[in-house]
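Q: This structure is in structure tokens; I'll ask about it shortly.
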Amino acid sequence: MTSEDRRQTWDTFRDLVNMSPSALDEWLGTEESQAAGQHKDGGESTGHASGRKIVAILRKKNGDLSEADYQHMDKVVGYVRRHLAQRPTGDVRDSRWRHSLMNWGHDPVAEAS
């Protein structure tokens, strides 16, 4: 990945991840967060595990980001974009759709405010 690719990945990631590390970390501790998403074998959901990685990425200095961090940022960007395209009708404030997105660091209600 070139330095330009890294910059673009970071910029897009930061445009879509609109929750602060502390807000995301707090959200991940809620029952709603832990209930959202797909759970393999009754364990932690994919989105919840991703949220923990996102918190770690957001707390790093840019120079400390690894290739794996950039790969995860790309994964987050892809997920958030796909999920946003599937927005349900009506009030989404207490929906599993919103909760799943929030596990990936994006609160769709915050962007509307």
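Going by the structure tokens order, chains are called A, B, ..., each with residues numbered from 1, while ligands are numbered from 1 in the order shown.
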So that I can check the surroundings of Val109 (chain A), please list as a PDB file with N, CA and C atoms, in the first residue's frame every protein, DNA and RNA residue that reaches within 8 Å of it, counting only C-alpha atoms and ignoring chain neighbours fewer than 5 positions away.

A:
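Dumped to out_16.pdb:
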ATOM      1  N   VAL A  92     -35.107   4.732  12.887  1.00  0.00           N
ATOM      2  CA  VAL A  92     -34.039   3.737  13.060  1.00  0.00           C
ATOM      3  C   VAL A  92     -33.312   3.871  14.395  1.00  0.00           C
ATOM      4  N   ARG A  93     -33.753   4.813  15.237  1.00  0.00           N
ATOM      5  CA  ARG A  93     -33.008   5.090  16.472  1.00  0.00           C
ATOM      6  C   ARG A  93     -32.786   3.871  17.347  1.00  0.00           C
ATOM      7  N   ARG A  98     -29.227   0.090  13.088  1.00  0.00           N
ATOM      8  CA  ARG A  98     -28.382   1.144  13.667  1.00  0.00           C
ATOM      9  C   ARG A  98     -27.370   0.555  14.640  1.00  0.00           C
TER      10      ARG A  98
END

Q: Pull the helix (DSSP H, G or I) assignments for chain A out of DSSP run on the backbone, and list those residues as an MDAnalysis selection string.

A: chainID A and resid 3:16 21:28 31:35 46:58 62:64 67:84 96:103 108:112

Q: With C-alpha atoms kept, could you save the residues just selected as a short mmCIF file (atom, residue, chain, number, x, y, z; two decimals), in the first residue's frame?

A:
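Result went into selection.cif, see below:
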data_model
loop_
_atom_site.label_atom_id
_atom_site.label_comp_id
_atom_site.auth_asym_id
_atom_site.auth_seq_id
_atom_site.Cartn_x
_atom_site.Cartn_y
_atom_site.Cartn_z
CA SER A 3 1.47 6.37 1.26
CA GLU A 4 -1.25 7.89 -0.95
CA ASP A 5 -3.35 4.73 -0.55
CA ARG A 6 -2.88 4.93 3.22
CA ARG A 7 -3.92 8.58 3.27
CA GLN A 8 -7.04 7.88 1.21
CA THR A 9 -7.93 4.88 3.37
CA TRP A 10 -7.52 6.93 6.55
CA ASP A 11 -9.55 9.86 5.18
CA THR A 12 -12.43 7.66 4.04
CA PHE A 13 -12.35 5.68 7.30
CA ARG A 14 -12.49 8.91 9.34
CA ASP A 15 -15.36 10.25 7.20
CA LEU A 16 -17.43 7.13 7.92
CA PRO A 21 -13.03 6.14 20.61
CA SER A 22 -14.57 6.75 24.04
CA ALA A 23 -18.16 6.81 22.69
CA LEU A 24 -17.57 3.61 20.72
CA ASP A 25 -15.90 1.92 23.68
CA GLU A 26 -18.85 2.87 25.90
CA TRP A 27 -21.33 1.64 23.27
CA LEU A 28 -19.53 -1.72 22.99
CA GLU A 31 -26.40 -5.08 25.91
CA GLU A 32 -27.70 -3.62 22.63
CA SER A 33 -24.21 -3.64 21.16
CA GLN A 34 -23.50 -7.18 22.24
CA ALA A 35 -26.85 -8.42 20.86
CA THR A 46 -18.11 -9.92 13.97
CA GLY A 47 -19.14 -6.26 14.32
CA HIS A 48 -18.46 -6.17 18.04
CA ALA A 49 -14.95 -7.56 17.51
CA SER A 50 -14.46 -5.01 14.73
CA GLY A 51 -15.54 -2.22 17.07
CA ARG A 52 -12.79 -3.16 19.53
CA LYS A 53 -10.24 -3.01 16.68
CA ILE A 54 -11.62 0.37 15.57
CA VAL A 55 -11.19 1.79 19.08
CA ALA A 56 -7.56 0.64 19.07
CA ILE A 57 -6.95 2.15 15.61
CA LEU A 58 -8.49 5.48 16.60
CA ASN A 62 -0.92 7.70 12.34
CA GLY A 63 2.74 6.69 12.26
CA ASP A 64 1.99 3.68 14.47
CA GLU A 67 -0.68 -2.76 7.42
CA ALA A 68 -3.28 -4.86 9.28
CA ASP A 69 -4.82 -1.63 10.64
CA TYR A 70 -5.19 -0.25 7.12
CA GLN A 71 -6.70 -3.54 5.94
CA HIS A 72 -9.22 -3.36 8.77
CA MET A 73 -10.03 0.25 7.90
CA ASP A 74 -10.79 -0.89 4.33
CA LYS A 75 -13.06 -3.62 5.73
CA VAL A 76 -14.88 -1.06 7.90
CA VAL A 77 -15.38 1.30 4.96
CA GLY A 78 -16.84 -1.50 2.84
CA TYR A 79 -19.17 -2.69 5.59
CA VAL A 80 -20.46 0.76 6.52
CA ARG A 81 -21.10 1.71 2.89
CA ARG A 82 -22.98 -1.55 2.19
CA HIS A 83 -25.00 -1.28 5.38
CA LEU A 84 -25.93 2.37 4.79
CA ARG A 96 -30.78 -3.56 15.03
CA TRP A 97 -29.64 -1.91 11.77
CA ARG A 98 -28.38 1.14 13.67
CA HIS A 99 -26.91 -0.95 16.48
CA SER A 100 -24.97 -3.03 13.98
CA LEU A 101 -23.58 0.09 12.28
CA MET A 102 -22.62 1.55 15.64
CA ASN A 103 -20.57 -1.58 16.39
CA PRO A 108 -26.37 7.05 11.35
CA VAL A 109 -28.48 9.11 13.73
CA ALA A 110 -25.51 11.34 14.60
CA GLU A 111 -24.95 12.22 10.95
CA ALA A 112 -28.54 13.40 10.62
#

Q: Using CA of Ala85 (chain A) and CA of Lys60 (chain A) as the two end points, give the distance in Å to one decimal.

A: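 CA of Lys60 (chain A) lies 29.5 Å from CA of Ala85 (chain A).
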